[in-house]
>>> print(open('data-v7.cif').read())   # mmCIF, C-alpha atoms
data_entry
#
loop_
_atom_site.group_PDB
_atom_site.id
_atom_site.type_symbol
_atom_site.label_atom_id
_atom_site.label_comp_id
_atom_site.auth_asym_id
_atom_site.auth_seq_id
_atom_site.Cartn_x
_atom_site.Cartn_y
_atom_site.Cartn_z
ATOM 1 C CA MET H 282 113.768 53.017 104.141
ATOM 2 C CA VAL H 283 115.662 53.675 107.382
ATOM 3 C CA ILE H 284 119.424 53.044 107.404
ATOM 4 C CA SER H 285 120.605 51.242 110.547
ATOM 5 C CA GLU H 286 123.602 52.283 112.645
ATOM 6 C CA THR H 287 125.466 49.171 111.463
ATOM 7 C CA GLN H 288 124.892 50.127 107.821
ATOM 8 C CA VAL H 289 126.152 53.638 108.501
ATOM 9 C CA LYS H 290 129.337 52.240 110.103
ATOM 10 C CA THR H 291 129.850 49.998 107.086
ATOM 11 C CA LEU H 292 129.491 52.938 104.706
ATOM 12 C CA LEU H 293 131.914 55.047 106.747
ATOM 13 C CA GLU H 294 134.444 52.209 106.799
ATOM 14 C CA ALA H 295 134.255 52.018 102.987
ATOM 15 C CA ILE H 296 134.964 55.733 102.368
ATOM 16 C CA PRO H 297 138.799 55.583 102.352
ATOM 17 C CA TYR H 298 138.740 52.539 100.061
ATOM 18 C CA LEU H 299 136.332 54.240 97.643
ATOM 19 C CA SER H 300 138.821 57.097 97.384
ATOM 20 C CA GLU H 301 141.888 54.828 97.154
ATOM 21 C CA PHE H 302 140.570 52.606 94.367
ATOM 22 C CA LYS H 303 138.752 55.193 92.241
ATOM 23 C CA GLY H 304 140.037 54.855 88.675
ATOM 24 C CA GLU H 305 141.834 51.570 89.449
ATOM 25 C CA THR H 306 141.448 48.411 87.359
ATOM 26 C CA VAL H 307 140.079 45.318 89.104
ATOM 27 C CA VAL H 308 139.949 41.916 87.402
ATOM 28 C CA VAL H 309 137.307 39.487 88.667
ATOM 29 C CA LYS H 310 137.661 35.785 87.829
ATOM 30 C CA TYR H 311 134.080 34.544 87.994
ATOM 31 C CA GLY H 312 133.316 30.838 88.288
ATOM 32 C CA GLY H 313 132.388 28.016 90.634
ATOM 33 C CA ASN H 314 129.036 27.623 92.370
ATOM 34 C CA ALA H 315 128.466 31.388 92.221
ATOM 35 C CA MET H 316 127.690 30.848 88.520
ATOM 36 C CA LEU H 317 125.184 28.054 89.092
ATOM 37 C CA ASN H 318 122.820 29.726 91.550
ATOM 38 C CA ASP H 319 120.724 32.609 90.207
ATOM 39 C CA GLU H 320 120.600 34.442 93.533
ATOM 40 C CA LEU H 321 124.373 34.265 94.007
ATOM 41 C CA LYS H 322 124.947 35.135 90.350
ATOM 42 C CA ASN H 323 122.996 38.357 90.719
ATOM 43 C CA SER H 324 124.794 39.160 93.998
ATOM 44 C CA VAL H 325 128.202 38.868 92.290
ATOM 45 C CA LEU H 326 127.100 40.889 89.278
ATOM 46 C CA GLN H 327 125.586 43.595 91.505
ATOM 47 C CA ASP H 328 128.992 43.913 93.185
ATOM 48 C CA ILE H 329 130.679 44.325 89.795
ATOM 49 C CA VAL H 330 128.199 47.015 88.710
ATOM 50 C CA PHE H 331 128.767 48.766 92.051
ATOM 51 C CA LEU H 332 132.534 48.806 91.417
ATOM 52 C CA GLN H 333 131.959 50.525 88.072
ATOM 53 C CA GLN H 334 129.510 53.040 89.487
ATOM 54 C CA ALA H 335 131.956 53.771 92.324
ATOM 55 C CA GLY H 336 134.549 54.853 89.740
ATOM 56 C CA MET H 337 136.579 51.645 89.434
ATOM 57 C CA ARG H 338 137.362 49.812 86.187
ATOM 58 C CA PRO H 339 136.148 46.205 86.539
ATOM 59 C CA VAL H 340 137.077 43.473 84.055
ATOM 60 C CA VAL H 341 135.347 40.083 84.243
ATOM 61 C CA VAL H 342 136.980 36.821 83.139
ATOM 62 C CA HIS H 343 134.658 33.834 83.402
ATOM 63 C CA GLY H 344 134.792 30.076 83.268
ATOM 64 C CA GLY H 345 131.951 27.710 82.440
ATOM 65 C CA GLY H 346 132.976 24.104 83.078
ATOM 66 C CA PRO H 347 129.486 22.826 84.028
ATOM 67 C CA GLU H 348 127.937 24.519 80.989
ATOM 68 C CA ILE H 349 130.549 22.907 78.713
ATOM 69 C CA THR H 350 129.933 19.467 80.229
ATOM 70 C CA ALA H 351 126.144 19.868 79.867
ATOM 71 C CA LEU H 352 126.429 20.876 76.201
ATOM 72 C CA LEU H 353 128.824 18.017 75.470
ATOM 73 C CA LYS H 354 126.175 15.612 76.800
ATOM 74 C CA VAL H 355 123.643 17.098 74.384
ATOM 75 C CA TYR H 356 126.037 16.169 71.547
ATOM 76 C CA ASN H 357 126.742 12.733 73.100
ATOM 77 C CA LYS H 358 130.369 13.638 73.751
ATOM 78 C CA GLN H 359 132.140 12.113 76.739
ATOM 79 C CA THR H 360 134.089 14.389 79.075
ATOM 80 C CA GLU H 361 137.655 13.280 79.838
ATOM 81 C CA PHE H 362 140.164 15.034 82.061
ATOM 82 C CA VAL H 363 143.946 14.640 82.250
ATOM 83 C CA ALA H 364 145.815 16.377 85.064
ATOM 84 C CA GLY H 365 142.673 18.374 85.808
ATOM 85 C CA LEU H 366 142.341 19.669 82.233
ATOM 86 C CA ARG H 367 139.585 18.777 79.766
ATOM 87 C CA VAL H 368 140.803 16.750 76.798
ATOM 88 C CA THR H 369 139.717 18.896 73.846
ATOM 89 C CA ASP H 370 139.533 17.466 70.339
ATOM 90 C CA ALA H 371 138.329 19.626 67.430
ATOM 91 C CA GLU H 372 134.638 18.816 67.987
ATOM 92 C CA THR H 373 134.912 19.406 71.745
ATOM 93 C CA MET H 374 136.636 22.732 71.060
ATOM 94 C CA GLY H 375 133.728 23.854 68.904
ATOM 95 C CA ILE H 376 131.213 22.879 71.586
ATOM 96 C CA THR H 377 133.340 24.541 74.276
ATOM 97 C CA GLU H 378 133.415 27.782 72.303
ATOM 98 C CA MET H 379 129.662 27.577 71.816
ATOM 99 C CA ALA H 380 129.103 27.140 75.568
ATOM 100 C CA LEU H 381 131.526 29.846 76.718
ATOM 101 C CA VAL H 382 130.978 32.505 74.059
ATOM 102 C CA GLY H 383 127.457 31.776 72.875
ATOM 103 C CA ASN H 384 125.871 30.904 76.226
ATOM 104 C CA VAL H 385 127.788 31.981 79.336
ATOM 105 C CA ASN H 386 129.303 35.199 78.007
ATOM 106 C CA THR H 387 126.102 36.539 76.490
ATOM 107 C CA ASP H 388 124.142 35.668 79.638
ATOM 108 C CA LEU H 389 126.571 37.536 81.913
ATOM 109 C CA VAL H 390 126.621 40.563 79.612
ATOM 110 C CA ALA H 391 122.822 40.693 79.529
ATOM 111 C CA ARG H 392 122.572 40.380 83.314
ATOM 112 C CA LEU H 393 125.150 43.103 83.945
ATOM 113 C CA ASN H 394 123.369 45.453 81.557
ATOM 114 C CA ASN H 395 120.016 44.665 83.156
ATOM 115 C CA LEU H 396 121.495 45.596 86.564
ATOM 116 C CA GLY H 397 122.549 49.017 85.292
ATOM 117 C CA GLY H 398 126.062 48.255 84.067
ATOM 118 C CA LYS H 399 127.543 48.818 80.606
ATOM 119 C CA ALA H 400 128.994 45.449 79.664
ATOM 120 C CA VAL H 401 130.497 44.199 76.402
ATOM 121 C CA GLY H 402 131.372 40.575 75.667
ATOM 122 C CA LEU H 403 134.811 39.554 74.366
ATOM 123 C CA ASN H 404 136.819 36.413 73.810
ATOM 124 C CA GLY H 405 140.497 35.883 73.107
ATOM 125 C CA LYS H 406 140.005 36.005 69.332
ATOM 126 C CA ASP H 407 138.705 39.581 69.440
ATOM 127 C CA ALA H 408 141.561 41.888 68.339
ATOM 128 C CA LYS H 409 143.887 38.942 69.101
ATOM 129 C CA LEU H 410 143.268 39.603 72.781
ATOM 130 C CA LEU H 411 144.656 36.276 74.064
ATOM 131 C CA LEU H 412 147.476 34.838 71.961
ATOM 132 C CA ALA H 413 147.938 31.211 72.940
ATOM 133 C CA LYS H 414 150.009 28.129 72.212
ATOM 134 C CA LYS H 415 149.366 24.442 72.833
ATOM 135 C CA HIS H 416 149.609 23.373 76.465
ATOM 136 C CA LEU H 417 150.937 19.897 77.242
ATOM 137 C CA ALA H 418 149.607 18.295 80.432
ATOM 138 C CA ASP H 419 152.006 17.111 83.119
ATOM 139 C CA VAL H 420 151.279 13.440 83.876
ATOM 140 C CA VAL H 421 153.223 11.359 86.397
ATOM 141 C CA LYS H 422 153.774 7.820 85.140
ATOM 142 C CA ASP H 423 156.056 5.262 86.810
ATOM 143 C CA GLY H 424 157.531 8.021 88.944
ATOM 144 C CA LYS H 425 158.373 10.187 85.935
ATOM 145 C CA VAL H 426 156.693 13.309 84.587
ATOM 146 C CA GLU H 427 155.477 12.962 81.016
ATOM 147 C CA LEU H 428 154.087 15.726 78.800
ATOM 148 C CA VAL H 429 150.819 14.648 77.184
ATOM 149 C CA ASP H 430 149.073 16.269 74.214
ATOM 150 C CA ILE H 431 145.418 16.773 75.207
ATOM 151 C CA GLY H 432 144.280 18.551 72.062
ATOM 152 C CA PHE H 433 143.225 22.174 71.708
ATOM 153 C CA VAL H 434 144.107 23.182 75.248
ATOM 154 C CA GLY H 435 146.265 26.284 75.313
ATOM 155 C CA GLU H 436 148.221 28.627 77.492
ATOM 156 C CA VAL H 437 148.450 32.384 77.066
ATOM 157 C CA TYR H 438 151.791 33.785 75.956
ATOM 158 C CA GLN H 439 150.648 37.329 75.189
ATOM 159 C CA VAL H 440 147.751 39.562 76.221
ATOM 160 C CA ASN H 441 146.947 42.452 73.868
ATOM 161 C CA THR H 442 145.261 44.875 76.238
ATOM 162 C CA GLU H 443 144.369 47.617 73.732
ATOM 163 C CA ILE H 444 140.752 46.528 73.198
ATOM 164 C CA ILE H 445 140.235 46.127 76.973
ATOM 165 C CA ASN H 446 141.569 49.620 77.683
ATOM 166 C CA VAL H 447 139.483 51.155 74.888
ATOM 167 C CA LEU H 448 136.360 49.693 76.503
ATOM 168 C CA LEU H 449 137.397 50.669 80.033
ATOM 169 C CA ASP H 450 138.149 54.226 78.911
ATOM 170 C CA GLY H 451 134.688 54.334 77.339
ATOM 171 C CA GLY H 452 133.015 53.335 80.605
ATOM 172 C CA TYR H 453 132.287 49.710 79.670
ATOM 173 C CA ILE H 454 132.782 46.465 81.604
ATOM 174 C CA PRO H 455 134.696 43.961 79.433
ATOM 175 C CA VAL H 456 133.432 40.392 79.992
ATOM 176 C CA ILE H 457 135.995 37.933 78.639
ATOM 177 C CA ALA H 458 135.542 34.269 77.677
ATOM 178 C CA PRO H 459 138.845 32.322 77.943
ATOM 179 C CA ILE H 460 139.188 31.303 74.305
ATOM 180 C CA GLY H 461 142.715 31.621 72.899
ATOM 181 C CA PHE H 462 143.915 32.538 69.406
ATOM 182 C CA GLY H 463 146.848 30.554 67.950
ATOM 183 C CA GLU H 464 149.535 31.875 65.633
ATOM 184 C CA LYS H 465 148.089 29.764 62.794
ATOM 185 C CA GLY H 466 144.532 30.807 63.593
ATOM 186 C CA GLU H 467 143.813 27.842 65.864
ATOM 187 C CA THR H 468 141.232 28.112 68.622
ATOM 188 C CA PHE H 469 142.356 27.084 72.109
ATOM 189 C CA ASN H 470 140.495 26.296 75.315
ATOM 190 C CA ILE H 471 142.266 28.272 78.085
ATOM 191 C CA ASN H 472 141.991 27.584 81.802
ATOM 192 C CA ALA H 473 139.936 30.568 83.023
ATOM 193 C CA ASP H 474 141.973 30.968 86.233
ATOM 194 C CA MET H 475 145.218 31.271 84.313
ATOM 195 C CA ALA H 476 143.652 33.572 81.700
ATOM 196 C CA ALA H 477 142.498 35.892 84.502
ATOM 197 C CA GLY H 478 145.978 35.952 86.049
ATOM 198 C CA GLU H 479 147.646 36.798 82.745
ATOM 199 C CA ILE H 480 145.090 39.522 81.999
ATOM 200 C CA ALA H 481 145.418 41.063 85.487
ATOM 201 C CA GLY H 482 149.199 41.129 85.144
ATOM 202 C CA ALA H 483 149.132 42.651 81.659
ATOM 203 C CA LEU H 484 146.702 45.369 82.812
ATOM 204 C CA LYS H 485 148.833 46.082 85.931
ATOM 205 C CA ALA H 486 145.560 45.719 87.812
ATOM 206 C CA SER H 487 145.179 47.050 91.307
ATOM 207 C CA LYS H 488 143.508 43.774 92.260
ATOM 208 C CA LEU H 489 142.749 40.308 90.948
ATOM 209 C CA LEU H 490 139.757 38.741 92.708
ATOM 210 C CA MET H 491 139.453 34.957 92.319
ATOM 211 C CA LEU H 492 135.988 33.673 93.213
ATOM 212 C CA THR H 493 136.048 30.086 94.418
ATOM 213 C CA ASP H 494 134.024 27.674 96.555
ATOM 214 C CA VAL H 495 136.021 27.953 99.782
ATOM 215 C CA ARG H 496 136.861 30.810 102.119
ATOM 216 C CA GLY H 497 140.431 31.136 100.830
ATOM 217 C CA ILE H 498 143.766 29.385 101.375
ATOM 218 C CA TYR H 499 144.423 27.035 104.299
ATOM 219 C CA SER H 500 147.750 25.554 105.348
ATOM 220 C CA ALA H 501 145.893 22.412 106.505
ATOM 221 C CA TYR H 502 142.481 22.414 104.792
ATOM 222 C CA PRO H 503 139.735 22.148 106.101
ATOM 223 C CA ASP H 504 141.037 23.083 109.568
ATOM 224 C CA GLU H 505 139.590 26.593 110.106
ATOM 225 C CA SER H 506 142.453 27.513 112.451
ATOM 226 C CA SER H 507 144.857 27.100 109.514
ATOM 227 C CA PHE H 508 143.134 29.775 107.411
ATOM 228 C CA ILE H 509 145.645 32.259 105.960
ATOM 229 C CA SER H 510 144.454 35.863 105.599
ATOM 230 C CA THR H 511 147.629 37.250 103.984
ATOM 231 C CA LEU H 512 150.190 35.263 102.028
ATOM 232 C CA SER H 513 153.291 36.190 100.064
ATOM 233 C CA PHE H 514 153.450 34.671 96.608
ATOM 234 C CA GLU H 515 156.819 33.179 97.563
ATOM 235 C CA MET H 516 155.090 31.292 100.399
ATOM 236 C CA ALA H 517 152.237 30.355 98.063
ATOM 237 C CA ASN H 518 154.757 28.631 95.777
ATOM 238 C CA GLU H 519 156.224 26.852 98.770
ATOM 239 C CA LEU H 520 152.800 25.554 99.871
ATOM 240 C CA ILE H 521 152.214 24.114 96.383
ATOM 241 C CA VAL H 522 155.620 22.404 96.308
ATOM 242 C CA CYS H 523 155.143 20.804 99.726
ATOM 243 C CA GLY H 524 151.649 19.603 98.807
ATOM 244 C CA LYS H 525 149.641 21.764 101.210
ATOM 245 C CA ILE H 526 147.797 23.324 98.273
ATOM 246 C CA ASP H 527 146.468 20.837 95.761
ATOM 247 C CA GLY H 528 143.605 19.993 93.456
ATOM 248 C CA GLY H 529 141.512 22.794 92.037
ATOM 249 C CA MET H 530 143.177 25.406 94.239
ATOM 250 C CA ILE H 531 146.530 25.048 92.438
ATOM 251 C CA PRO H 532 145.517 26.909 89.221
ATOM 252 C CA LYS H 533 143.925 29.660 91.332
ATOM 253 C CA VAL H 534 147.094 30.168 93.375
ATOM 254 C CA ARG H 535 149.246 29.975 90.240
ATOM 255 C CA SER H 536 146.965 32.570 88.662
ATOM 256 C CA CYS H 537 147.622 34.894 91.607
ATOM 257 C CA ILE H 538 151.354 34.329 91.208
ATOM 258 C CA ALA H 539 151.165 35.039 87.449
ATOM 259 C CA ALA H 540 149.191 38.238 88.084
ATOM 260 C CA LEU H 541 151.668 39.555 90.655
ATOM 261 C CA SER H 542 154.643 38.551 88.508
ATOM 262 C CA GLY H 543 153.101 40.427 85.570
ATOM 263 C CA GLY H 544 152.585 43.652 87.493
ATOM 264 C CA ALA H 545 149.274 43.387 89.370
ATOM 265 C CA LYS H 546 149.445 44.890 92.856
ATOM 266 C CA LYS H 547 147.444 42.362 94.860
ATOM 267 C CA ALA H 548 145.466 39.165 94.363
ATOM 268 C CA HIS H 549 142.639 37.817 96.504
ATOM 269 C CA ILE H 550 141.035 34.381 96.746
ATOM 270 C CA ILE H 551 137.507 34.705 98.142
ATOM 271 C CA ASP H 552 134.382 32.610 98.596
ATOM 272 C CA GLY H 553 131.985 33.395 95.765
ATOM 273 C CA ARG H 554 129.209 31.562 97.627
ATOM 274 C CA GLU H 555 129.059 34.370 100.191
ATOM 275 C CA LYS H 556 126.793 37.208 99.115
ATOM 276 C CA HIS H 557 128.638 40.432 98.245
ATOM 277 C CA SER H 558 132.033 38.907 99.095
ATOM 278 C CA ILE H 559 133.676 41.153 96.462
ATOM 279 C CA LEU H 560 132.553 44.319 98.239
ATOM 280 C CA MET H 561 133.433 42.935 101.667
ATOM 281 C CA GLU H 562 136.943 42.049 100.510
ATOM 282 C CA ILE H 563 137.660 45.412 98.894
ATOM 283 C CA PHE H 564 135.835 47.860 101.165
ATOM 284 C CA SER H 565 136.409 46.503 104.675
ATOM 285 C CA VAL H 566 139.419 46.591 106.981
ATOM 286 C CA ASP H 567 139.696 42.841 107.563
ATOM 287 C CA GLY H 568 138.389 41.516 104.237
ATOM 288 C CA VAL H 569 136.908 38.028 103.951
ATOM 289 C CA GLY H 570 139.401 35.957 101.940
ATOM 290 C CA THR H 571 143.111 35.348 101.431
ATOM 291 C CA GLU H 572 145.193 38.245 100.143
ATOM 292 C CA VAL H 573 148.260 37.239 98.096
ATOM 293 C CA VAL H 574 151.014 39.845 97.817
ATOM 294 C CA LYS H 575 154.631 40.163 96.811
ATOM 295 C CA ALA H 576 157.011 40.212 99.755
ATOM 296 C CA GLY H 577 157.571 43.817 100.805
ATOM 297 C CA ASN H 578 154.200 45.083 99.511
#
>>> encode(input="data-v7.cif", output="structure tokens")
Amino acid sequence: MVISETQVKTLLEAIPYLSEFKGETVVVKYGGNAMLNDELKNSVLQDIVFLQQAGMRPVVVHGGGPEITALLKVYNKQTEFVAGLRVTDAETMGITEMALVGNVNTDLVARLNNLGGKAVGLNGKDAKLLLAKKHLADVVKDGKVELVDIGFVGEVYQVNTEIINVLLDGGYIPVIAPIGFGEKGETFNINADMAAGEIAGALKASKLLMLTDVRGIYSAYPDESSFISTLSFEMANELIVCGKIDGGMIPKVRSCIAALSGGAKKAHIIDGREKHSILMEIFSVDGVGTEVVKAGN
């Protein structure tokens, strides 16, 4: 196989980044359409294995909304959402755990290992990794915000990183399903974006990479001229408040804010539908997505 001049230039451009990030922890939030297409799935997982083999310490946090919905249909359970969150009764929680831990997590671990990685599956119950409490949904009714109980939906209040660091130190890739552990032993369904942000902050990660289904953040989506390549988390908050970021992008941006507030150095929102977008974001000068940083960084 002959390496082209363009490939050589790409490799040379990556050299300083390979040196800079060697030994650094990178959290990848994996979800969206990149999980539904086998070709894209393998592209993302190849990138993660490359990070490990290049001396970095990747951690994967995954979602699995479509898989949960599909399994609920098998059990003749209707899917209901309030404020963008799945209403989760006890039966739905059991099915959700089955989909995330039993199906998605084991599949990703097997694929990573087949590609030459050393992956181990985890969920928030393992070593009390993700301690969670009930999350009440914000619902606007008659111009007022009401807090609504939507069942076993939780939010992380503490990340116990010991088990993650033990695995990273041993050369493994932790693959984490966003299942939370309550103080009374309850099981909680955690939004995967927010779980990834909390984990990245607790690990003081060098980077949090949020894979989504758009190029990044826009000030006037979908106008391409409004694409934002670098954004302070203060400005990110402002864009949410003024309504320029809405819908499914809000938890991703809030996850970036949580990660940076917790001690992560940088967060990136990138298009998981683009092949090898993880490598292009980390190892190129311009990157391909939106970089979210603290002012002054």
>>> closest_residue(input="data-v7.cif", among="H:Ala391, H:Met491, H:Val342, H:Ala364", to="H:Asp430", atoms="all atoms listed in the file")
H:Ala364
>>> resolve_selection(input="data-v7.cif", expression="the PyMOL selection byres ((chain H and resi 472-485) around 6)", output="ChimeraX atom specification")
/H:308,310,342,344,459,471,486,533,536-537,539-540,543-545
>>> closest_residue(input="data-v7.cif", among="H:Gly497, H:Gly304, H:Gly336, H:Gly463", to="H:Gly435", atoms="all atoms listed in the file")
H:Gly463
>>> residues_around(input="data-v7.cif", residues="H:Thr306", least_positions_apart="6", cutoff="6 Å", atoms="all atoms listed in the file", output="ChimeraX atom specification")
/H:338-339,486-487
>>> closest_residue(input="data-v7.cif", among="H:Glu378, H:Asp527, H:Glu515, H:Glu505", to="H:Thr468", atoms="all atoms listed in the file")
H:Glu378
>>> closest_residue(input="data-v7.cif", among="H:Thr511, H:Pro347, H:Ile457, H:Ser542", to="H:Thr571", atoms="only C-alpha atoms")
H:Thr511
>>> resolve_selection(input="data-v7.cif", expression="the PyMOL selection byres ((chain H and resi 572) around 7)", output="PDB file with C-alpha atoms, keeping the file's coordinate frame")
ATOM      1  CA  SER H 510     144.454  35.863 105.599  1.00  0.00           C
ATOM      2  CA  THR H 511     147.629  37.250 103.984  1.00  0.00           C
ATOM      3  CA  LEU H 512     150.190  35.263 102.028  1.00  0.00           C
ATOM      4  CA  ALA H 548     145.466  39.165  94.363  1.00  0.00           C
ATOM      5  CA  HIS H 549     142.639  37.817  96.504  1.00  0.00           C
ATOM      6  CA  ILE H 550     141.035  34.381  96.746  1.00  0.00           C
ATOM      7  CA  GLY H 570     139.401  35.957 101.940  1.00  0.00           C
ATOM      8  CA  THR H 571     143.111  35.348 101.431  1.00  0.00           C
ATOM      9  CA  VAL H 573     148.260  37.239  98.096  1.00  0.00           C
ATOM     10  CA  VAL H 574     151.014  39.845  97.817  1.00  0.00           C
TER      11      VAL H 574
END
>>> resolve_selection(input="data-v7.cif", expression="the PyMOL selection byres ((chain H and resi 466) around 10)", output="VMD selection string")
chain H and resid 406 409 412 to 413 461 to 465 467 to 469
>>> write_last_selection(input="data-v7.cif", atoms="C-alpha atoms", output="short mmCIF file (atom, residue, chain, number, x, y, z; two decimals), keeping the file's coordinate frame")
data_model
loop_
_atom_site.label_atom_id
_atom_site.label_comp_id
_atom_site.auth_asym_id
_atom_site.auth_seq_id
_atom_site.Cartn_x
_atom_site.Cartn_y
_atom_site.Cartn_z
CA LYS H 406 140.00 36.01 69.33
CA LYS H 409 143.89 38.94 69.10
CA LEU H 412 147.48 34.84 71.96
CA ALA H 413 147.94 31.21 72.94
CA GLY H 461 142.72 31.62 72.90
CA PHE H 462 143.92 32.54 69.41
CA GLY H 463 146.85 30.55 67.95
CA GLU H 464 149.54 31.88 65.63
CA LYS H 465 148.09 29.76 62.79
CA GLU H 467 143.81 27.84 65.86
CA THR H 468 141.23 28.11 68.62
CA PHE H 469 142.36 27.08 72.11
#
>>> closest_residue(input="data-v7.cif", among="H:Glu305, H:Phe564, H:Lys575, H:Asp328", to="H:Ala517", atoms="all atoms listed in the file")
H:Lys575
>>> residues_near_point(input="data-v7.cif", point="(138.7, 43.3, 103.0)", cutoff="10 Å", atoms="all atoms listed in the file", output="list in words")
Ala295, Tyr298, Ser510, His549, Ile551, Ser558, Ile559, Leu560, Met561, Glu562, Ile563, Phe564, Ser565, Val566, Asp567, Gly568, Val569, Gly570, Thr571 and Glu572 of chain H
>>> write_last_selection(input="data-v7.cif", atoms="C-alpha atoms", output="mmCIF file, keeping the file's coordinate frame")
data_model
loop_
_atom_site.group_PDB
_atom_site.id
_atom_site.type_symbol
_atom_site.label_atom_id
_atom_site.label_comp_id
_atom_site.auth_asym_id
_atom_site.auth_seq_id
_atom_site.Cartn_x
_atom_site.Cartn_y
_atom_site.Cartn_z
ATOM 1 C CA ALA H 295 134.255 52.018 102.987
ATOM 2 C CA TYR H 298 138.740 52.539 100.061
ATOM 3 C CA SER H 510 144.454 35.863 105.599
ATOM 4 C CA HIS H 549 142.639 37.817 96.504
ATOM 5 C CA ILE H 551 137.507 34.705 98.142
ATOM 6 C CA SER H 558 132.033 38.907 99.095
ATOM 7 C CA ILE H 559 133.676 41.153 96.462
ATOM 8 C CA LEU H 560 132.553 44.319 98.239
ATOM 9 C CA MET H 561 133.433 42.935 101.667
ATOM 10 C CA GLU H 562 136.943 42.049 100.510
ATOM 11 C CA ILE H 563 137.660 45.412 98.894
ATOM 12 C CA PHE H 564 135.835 47.860 101.165
ATOM 13 C CA SER H 565 136.409 46.503 104.675
ATOM 14 C CA VAL H 566 139.419 46.591 106.981
ATOM 15 C CA ASP H 567 139.696 42.841 107.563
ATOM 16 C CA GLY H 568 138.389 41.516 104.237
ATOM 17 C CA VAL H 569 136.908 38.028 103.951
ATOM 18 C CA GLY H 570 139.401 35.957 101.940
ATOM 19 C CA THR H 571 143.111 35.348 101.431
ATOM 20 C CA GLU H 572 145.193 38.245 100.143
#
>>> residues_around(input="data-v7.cif", residues="H:Leu396", least_positions_apart="4", cutoff="12 Å", atoms="all atoms listed in the file", output="PyMOL selection string")
chain H and resi 322-331+333-334+389-392+400
>>> closest_residue(input="data-v7.cif", among="H:Asn384, H:Asn518, H:Thr493, H:Ser507", to="H:Glu348", atoms="all atoms listed in the file")
H:Asn384
